[in-house]
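Heads up: the structure comes next, in structure tokens.
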There are 2 protein chains.
Amino acid sequence: MRACIISVGTELVTGQCLDTNAAWLSEQLASVGVEVTEHVTVGDQLQHLAATIRQCIDRFDLVVATGGLGPTRDDLTREALAQAIGQPLVENEEALRNIKVYFQRLQRPFIDANRMQALVPEGCSIILNRRGTAPGLSCQSQNCLVYVLPGVPAEMKAMAEESLLRQLGARATGQAIRMASVLCYGKSEAWIGELLEDLMTPGRNPSVGTTAKDAIITIRMVARAINPPKAQQLLDADIAEVRSRLGKVVFGQGGDTLQDAVARLLMEKHRTVATAESCTGGLIANRLTDIPGSSTYFLQGFVTYSNQAKSDRLGVPAELIERDGAVSEAVAHAMAEGCRKVTNADLAVSVTGIAGPSGGTTEKPVGLVYIGLADDHGGTVKRFLFGEQLPRREIRDRAAKTALNLLRIHLLH
Amino acid sequence: MRACIISVGTELVTGQCLDTNAAWLSEQLASVGVEVTEHVTVGDQLQHLAATIRQCIDRFDLVVATGGLGPTRDDLTREALAQAIGQPLVENEEALRNIKVYFQRLQRPFIDANRMQALVPEGCSIILNRRGTAPGLSCQSQNCLVYVLPGVPAEMKAMAEESLLRQLGARATGQAIRMASVLCYGKSEAWIGELLEDLMTPGRNPSVGTTAKDAIITIRMVARAINPPKAQQLLDADIAEVRSRLGKVVFGQGGDTLQDAVARLLMEKHRTVATAESCTGGLIANRLTDIPGSSTYFLQGFVTYSNQAKSDRLGVPAELIERDGAVSEAVAHAMAEGCRKVTNADLAVSVTGIAGPSGGTTEKPVGLVYIGLADDHGGTVKRFLFGEQLPRREIRDRAAKTALNLLRIHLLH
């Protein structure tokens, strides 16, 4: 099955807005076995849009269009689809009812402009939109399956998952489909791939695959079965298997971040944390406080950039910095211990390293980072080389992620 | 002149990588009077790619393709273009020489695989690539002007500016073209628009327009003249005029950030800074240290999230927090003063506010932020309401930007 994605919107084709829908849909469709081979972006221009939909219907087995379903005059995708498939637009009662219910729920008056969102080309099915007013549309035209979804990413994603992806999964195999992703940090994709090799056999159900992005490894699983509960059962068994094989390397599922995982553990165990950062310059504190309610576990952080600050704030002996250098195991150790002592936090994490692009030597190259961790049993320090070729921003990101991950693993014990 | 952009790459069409080139090119082309009405993304697949280029040549006045010019087997854009315009590929001497010079400059041996990057469809001109090995290509096919540029954004942008945009500007008007963007913070687009109203008259040369994104207002100027020096002269006069009208609201040009502007001023004036952050959780420290060499001006930062930390680290009296609340003018003042005192920095900036989503009251709503600034003459505090409807992340971003901007304006005096 070969597919094409059409993104509709003048704001996209003029470059004022970045299209993220097409990339997301392509990845999701791949996971249900549909290969996307073309994206087309066009503006809110009826003739051009209708012709584009028409041509894509001729050339592909599946066409998914997003955008242009709003209630204003420049929302033309309904009309363009009607033209492309040669059907008149008619008011759909169910669509209208759903729009009215949506307004009631928000206790807002129904606006007549929204009535046009209930117009549907004859022969099309509607797809419920729980997060907005624009219903989606789907139909079969010639040998092509056509889906039209709203452009608002949150609405589009929810509707694609509930309709398009589920139906395509079922259609492709005649079966129900369930998907999950398990997130890992701290090991390479190759290391993970080796442990999951048998699960990744082509043709296996559930299918299991890995992708790596910004040092996070995602294990994507797709389960198929004769009905949804069976598919879910298969999926759950695989999630459990993957988690048991990979153990602590797994930090979450779906949209989780490392700081989400750390925050959950800190709250669960009623522990507090403080940070002492040099080369990451506040990035760890920033991520730990990115989460609503972070004040329950995050007490305070230090960005001790200068040597003086390391001594004044954290009590790192000046002689130690003099002897071993600011980027050293001993200093990372003293930073973490000092941070814990002055803040009375249960846990303290410290980072000192060389983010570059300059400041590296043969002995201490750009990318060298020491991460310390202290609790009431004492402290430990680990040494990392994130690679001289990485830009400053990525070295800082990698150091922050690794620190959060060490914190997470420490909290698991 | 109607244009289409083709983005080439399997990583794009599968959604593994987000395409930012098409949006950037669309915006740039618009500024030289070319309307982009379609984007197409296709994978590294020769027949599909050649057919796409062919069809776009038939339908548009300008086709710009990016990607697929690398030295590996899946880089097929050269060959696809040759097929689309019906010309054989021949080795281009100048292209080969440039590639060899590039390797010499990096003191790396020339790899034979790179030789294929010197292949050029007969009749095409090459576009020099100073940042990489892949030369760009351009040709006239029927009534269509075709440009092919590398997919690496930095290479693509530099080459587009030096060739495509400059030549199109000249072509569109028979004149030379020069562009600039001036960046502002702290005033609304409407406020700026009013001050520049006469410059923004349609048809004026240079043309002047504004866009707003994440609270930063960009003023874009395009100057046309019979030759490049004249165009530059016109542009420079307008940049000076805009800067003089807007004064301190302007923080930079081109790709500048607020932290770049602050860093420049701190280095110029040999001043040091320290930060005391509550709701921004280290974001300001992180941005100030994002810049290579930041250790010359950034001494240290505090993330005093808890009330205890505000008292312990910065000497904010517990009674004051008790009396006015942690989010108050008095506490912001005491944080900045305390921070400057304990760090001996020339300047200290403090932030305390309610980032949400919870924690707001009628009196102190989500989005309320106090920003303090202290120097050797004392301290000042400003109160901001960034809006309850903004998500936590945006309130934190806005607070950090505003703090950096206050720091910048303070340093201008």
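Scheme for the structure tokens: letters A, B, ... for chains in order shown; per-chain residue numbers from 1; ligand numbers from 1 in order shown.
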Using only C-alpha atoms, which residues sit within 9 Å of Arg166 of chain B once same-chain residues fewer than 4 positions away are excluded, as a short mmCIF file (atom, residue, chain, number, x, y, z; two decimals) with all heavy atoms, in the first residue's frame?
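Generated file (out-v2.cif):
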data_model
loop_
_atom_site.label_atom_id
_atom_site.label_comp_id
_atom_site.auth_asym_id
_atom_site.auth_seq_id
_atom_site.Cartn_x
_atom_site.Cartn_y
_atom_site.Cartn_z
N VAL B 32 11.79 38.17 -2.17
CA VAL B 32 12.25 38.71 -3.46
C VAL B 32 11.12 38.63 -4.50
O VAL B 32 11.37 38.65 -5.70
CB VAL B 32 13.53 37.99 -3.98
CG1 VAL B 32 14.70 38.28 -3.06
CG2 VAL B 32 13.33 36.49 -4.13
N ALA B 160 21.88 29.55 -1.18
CA ALA B 160 20.66 30.19 -1.69
C ALA B 160 20.83 31.71 -1.65
O ALA B 160 20.46 32.42 -2.58
CB ALA B 160 19.45 29.76 -0.86
N GLU B 161 21.41 32.20 -0.55
CA GLU B 161 21.58 33.65 -0.43
C GLU B 161 22.56 34.20 -1.46
O GLU B 161 22.34 35.26 -2.02
CB GLU B 161 22.06 34.00 0.99
CG GLU B 161 20.89 34.10 1.95
CD GLU B 161 21.31 34.20 3.42
OE1 GLU B 161 22.52 34.16 3.70
OE2 GLU B 161 20.40 34.30 4.26
N GLU B 162 23.63 33.42 -1.72
CA GLU B 162 24.66 33.90 -2.65
C GLU B 162 24.28 33.73 -4.11
O GLU B 162 24.82 34.41 -4.98
CB GLU B 162 25.99 33.18 -2.38
CG GLU B 162 26.67 33.67 -1.12
CD GLU B 162 27.73 32.70 -0.63
OE1 GLU B 162 28.23 31.89 -1.44
OE2 GLU B 162 28.05 32.74 0.57
N ALA B 170 17.58 40.19 -8.70
CA ALA B 170 18.04 40.94 -9.85
C ALA B 170 17.15 40.66 -11.07
O ALA B 170 16.75 41.56 -11.79
CB ALA B 170 19.49 40.57 -10.16
N ARG B 171 16.83 39.38 -11.25
CA ARG B 171 16.04 38.96 -12.40
C ARG B 171 14.64 39.56 -12.36
O ARG B 171 14.12 40.05 -13.37
CB ARG B 171 15.95 37.43 -12.34
CG ARG B 171 15.36 36.75 -13.54
CD ARG B 171 15.20 35.26 -13.18
NE ARG B 171 14.19 34.63 -14.03
CZ ARG B 171 14.49 33.87 -15.07
NH1 ARG B 171 15.74 33.67 -15.39
NH2 ARG B 171 13.52 33.33 -15.79
N ALA B 176 19.86 44.72 -8.76
CA ALA B 176 20.52 43.99 -7.66
C ALA B 176 19.65 44.05 -6.41
O ALA B 176 18.86 44.98 -6.25
CB ALA B 176 21.89 44.60 -7.39
N ILE B 177 19.81 43.05 -5.56
CA ILE B 177 18.97 42.98 -4.37
C ILE B 177 19.83 42.73 -3.13
O ILE B 177 20.82 42.00 -3.18
CB ILE B 177 17.91 41.88 -4.57
CG1 ILE B 177 16.78 42.04 -3.58
CG2 ILE B 177 18.50 40.48 -4.47
CD1 ILE B 177 15.52 41.38 -4.08
N ARG B 178 19.49 43.37 -2.03
CA ARG B 178 20.15 43.12 -0.74
C ARG B 178 19.07 43.05 0.35
O ARG B 178 18.10 43.81 0.30
CB ARG B 178 21.13 44.25 -0.41
CG ARG B 178 22.42 44.19 -1.19
CD ARG B 178 23.24 42.95 -0.85
NE ARG B 178 24.46 42.87 -1.62
CZ ARG B 178 24.55 42.38 -2.85
NH1 ARG B 178 23.47 41.92 -3.46
NH2 ARG B 178 25.71 42.34 -3.47
#
Env of Val331 of chain A: 9 Å cut, atoms = only C-alpha atoms, seq-sep filter 5 positions within chain, self excluded. Answer as a compact mmCIF listing (two decimals) with all heavy atoms, in the first residue's frame.
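What ended up in result-v6.txt:
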# COMPACT_ATOMS: atom_id res chain seq x y z
N LYS A 310 32.55 27.72 42.69
CA LYS A 310 32.59 26.33 43.16
C LYS A 310 33.08 26.28 44.61
O LYS A 310 32.59 25.49 45.42
CB LYS A 310 33.49 25.49 42.25
CG LYS A 310 32.92 25.27 40.84
CD LYS A 310 33.86 24.42 39.99
CE LYS A 310 33.36 24.25 38.56
NZ LYS A 310 33.45 25.46 37.71
N VAL A 316 34.10 23.64 47.50
CA VAL A 316 35.15 22.88 46.81
C VAL A 316 36.49 23.56 47.13
O VAL A 316 36.66 24.75 46.84
CB VAL A 316 34.93 22.86 45.28
CG1 VAL A 316 36.03 22.05 44.59
CG2 VAL A 316 33.56 22.30 44.93
N PRO A 317 37.45 22.83 47.74
CA PRO A 317 38.72 23.48 48.11
C PRO A 317 39.44 24.04 46.89
O PRO A 317 39.56 23.34 45.87
CB PRO A 317 39.53 22.35 48.74
CG PRO A 317 38.53 21.31 49.14
CD PRO A 317 37.41 21.42 48.15
N LEU A 320 42.14 21.92 45.54
CA LEU A 320 41.71 20.77 44.75
C LEU A 320 41.55 21.17 43.28
O LEU A 320 41.98 20.46 42.36
CB LEU A 320 40.38 20.25 45.31
CG LEU A 320 39.94 18.88 44.82
CD1 LEU A 320 40.86 17.81 45.36
CD2 LEU A 320 38.50 18.61 45.26
N ILE A 321 40.92 22.33 43.07
CA ILE A 321 40.72 22.85 41.70
C ILE A 321 42.09 23.12 41.08
O ILE A 321 42.35 22.78 39.93
CB ILE A 321 39.85 24.12 41.71
CG1 ILE A 321 38.47 23.80 42.31
CG2 ILE A 321 39.70 24.68 40.30
CD1 ILE A 321 37.54 24.99 42.42
N ASP A 324 43.77 19.38 40.48
CA ASP A 324 43.19 18.47 39.49
C ASP A 324 42.52 19.18 38.32
O ASP A 324 42.18 18.55 37.32
CB ASP A 324 42.14 17.56 40.16
CG ASP A 324 42.79 16.51 41.05
OD1 ASP A 324 44.01 16.64 41.30
OD2 ASP A 324 42.10 15.58 41.47
N GLY A 325 42.30 20.49 38.46
CA GLY A 325 41.55 21.22 37.44
C GLY A 325 40.06 21.17 37.75
O GLY A 325 39.58 20.25 38.42
N ALA A 326 39.32 22.18 37.23
CA ALA A 326 37.88 22.26 37.51
C ALA A 326 37.13 21.09 36.90
O ALA A 326 36.10 20.66 37.40
CB ALA A 326 37.32 23.58 36.99
N ALA A 336 29.17 17.71 44.30
CA ALA A 336 27.96 17.00 44.69
C ALA A 336 27.83 16.94 46.21
O ALA A 336 26.77 17.23 46.77
CB ALA A 336 27.97 15.59 44.10
N THR A 352 30.55 18.72 35.80
CA THR A 352 31.64 19.61 35.36
C THR A 352 32.28 19.00 34.12
O THR A 352 32.52 17.80 34.06
CB THR A 352 32.68 19.86 36.48
OG1 THR A 352 33.70 20.72 35.97
CG2 THR A 352 33.30 18.57 37.02
N TYR A 370 32.39 15.05 33.82
CA TYR A 370 32.26 14.26 35.04
C TYR A 370 30.91 14.55 35.69
O TYR A 370 30.52 15.71 35.81
CB TYR A 370 33.37 14.61 36.03
CG TYR A 370 34.75 14.16 35.59
CD1 TYR A 370 35.58 15.01 34.87
CD2 TYR A 370 35.20 12.88 35.89
CE1 TYR A 370 36.84 14.60 34.46
CE2 TYR A 370 36.46 12.45 35.48
CZ TYR A 370 37.27 13.32 34.77
OH TYR A 370 38.50 12.90 34.36
N GLY A 372 28.65 13.80 39.10
CA GLY A 372 28.68 13.30 40.47
C GLY A 372 27.29 13.16 41.05
O GLY A 372 26.35 13.84 40.62
I'd like the contact shell of Ser207 of chain A - 10 Å cut-off, only C-alpha atoms, skipping same-chain residues fewer than 5 positions apart - returned as a VMD selection string.
chain A and resid 31 to 32 179 199 to 202 220 to 224 235 238
Segment 141-334 of chain A: which residues are strand (DSSP E or B) by DSSP, as a PyMOL selection string?
chain A and resi 141+144-149+176-185+207-213+216-225+250-253+273-277+298-304
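Between atom CA of Ala158 of chain A and atom CA of Pro228 of chain A lies a distance of 17.3 Å.
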Taking only segment 44-235 of chain B into account, list the residues labelled alpha helix (DSSP H) by DSSP (computed from the backbone), as an MDAnalysis selection string.
chainID B and resid 46:59 77:85 93:105 153:160 166:173 189:195 228:235
Top pick for closest residue to Ala263 of chain B, considering B:Ser244, B:Gln300, B:Thr402, B:Thr289 and counting only C-alpha atoms:
B:Thr289
Quick one: residues within 6 Å of Gly136 of chain A, only C-alpha atoms counted, chain neighbours fewer than 3 positions away excluded, as a list in words?
Ile126, Ile127, Val148 and Leu149 of chain A
Restricting it to C-alpha atoms, dump the selection as a PDB file, in the first residue's frame.
ATOM      1  CA  ILE A 126     -17.338  11.484   9.153  1.00  0.00           C
ATOM      2  CA  ILE A 127     -14.669  11.012  11.836  1.00  0.00           C
ATOM      3  CA  VAL A 148      -9.143  14.218   5.553  1.00  0.00           C
ATOM      4  CA  LEU A 149      -8.183  15.338   9.076  1.00  0.00           C
TER       5      LEU A 149
END
So that I can see what lies close to Leu49 of chain A, please list as a PyMOL selection string the residues with an atom at most 9 Å from it, counting only C-alpha atoms and leaving out residues fewer than 3 positions away in the same chain.
chain A and resi 8+42-46+52-54+76-77+80-81+84
So that I have them on file, write out the residues from the current selection with C-alpha atoms, as a compact mmCIF listing (two decimals), in the first residue's frame.
# COMPACT_ATOMS: atom_id res chain seq x y z
CA VAL A 8 -3.16 22.14 3.31
CA VAL A 42 -0.51 23.42 -1.04
CA GLY A 43 -2.14 26.69 0.03
CA ASP A 44 -5.81 27.47 0.66
CA GLN A 45 -6.60 27.76 -3.01
CA LEU A 46 -9.62 25.76 -4.21
CA THR A 52 -3.83 18.03 -6.17
CA ILE A 53 -6.28 15.73 -4.38
CA ARG A 54 -7.52 14.41 -7.75
CA LEU A 76 -11.62 24.86 1.47
CA THR A 77 -10.63 21.22 1.89
CA ALA A 80 -11.95 20.63 -2.80
CA LEU A 81 -12.55 17.00 -1.84
CA ALA A 84 -12.03 15.95 -6.61
Using only C-alpha atoms for the distances, tell me which of B:Glu189, B:Glu197, B:Asp312, B:Glu322 is nearest to chain A.
B:Asp312
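In terms of minimum interatomic distance to Ser141 of chain A, A:Arg59 ranks closest within A:Tyr185, A:Gly67, A:Thr72, A:Arg59, counting only C-alpha atoms.
Of the listed residues (B:Gly169, B:Gly282, B:Gly86, B:Pro150), B:Gly282 comes nearest to chain A; the distances count only C-alpha atoms.
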Would you pick out the contacts of Ala399 of chain A at 7 Å or less, using only C-alpha atoms, so that residues sharing its chain but fewer than 3 positions from it are not included, and give the list as a list of chain:residue names?
A:Thr280, A:Val369, A:Ile395, A:Arg396, A:Thr402, A:Ala403
Hey, what's within 7 Å of Gly353 of chain B if we count only C-alpha atoms and toss same-chain stuff fewer than 2 positions away? As a VMD selection string, please?
chain B and resid 279 327 351 355 368 to 370
For the residues in that selection, give me N, CA and C atoms as a short mmCIF file (atom, residue, chain, number, x, y, z; two decimals), in the first residue's frame.
data_model
loop_
_atom_site.label_atom_id
_atom_site.label_comp_id
_atom_site.auth_asym_id
_atom_site.auth_seq_id
_atom_site.Cartn_x
_atom_site.Cartn_y
_atom_site.Cartn_z
N CYS B 279 10.96 30.87 39.19
CA CYS B 279 10.09 30.17 38.25
C CYS B 279 10.76 29.79 36.92
N VAL B 327 6.27 35.33 45.47
CA VAL B 327 6.10 36.05 44.21
C VAL B 327 5.66 37.47 44.53
N VAL B 351 14.39 36.49 39.15
CA VAL B 351 13.05 36.23 38.62
C VAL B 351 12.25 35.43 39.64
N ALA B 355 4.51 30.15 37.09
CA ALA B 355 4.57 29.61 35.73
C ALA B 355 3.38 28.70 35.43
N LEU B 368 2.01 35.84 36.33
CA LEU B 368 2.57 37.00 37.03
C LEU B 368 4.04 36.75 37.33
N VAL B 369 4.90 37.65 36.90
CA VAL B 369 6.34 37.47 37.10
C VAL B 369 6.98 38.81 37.49
N TYR B 370 7.79 38.79 38.54
CA TYR B 370 8.59 39.95 38.92
C TYR B 370 10.04 39.71 38.51
#
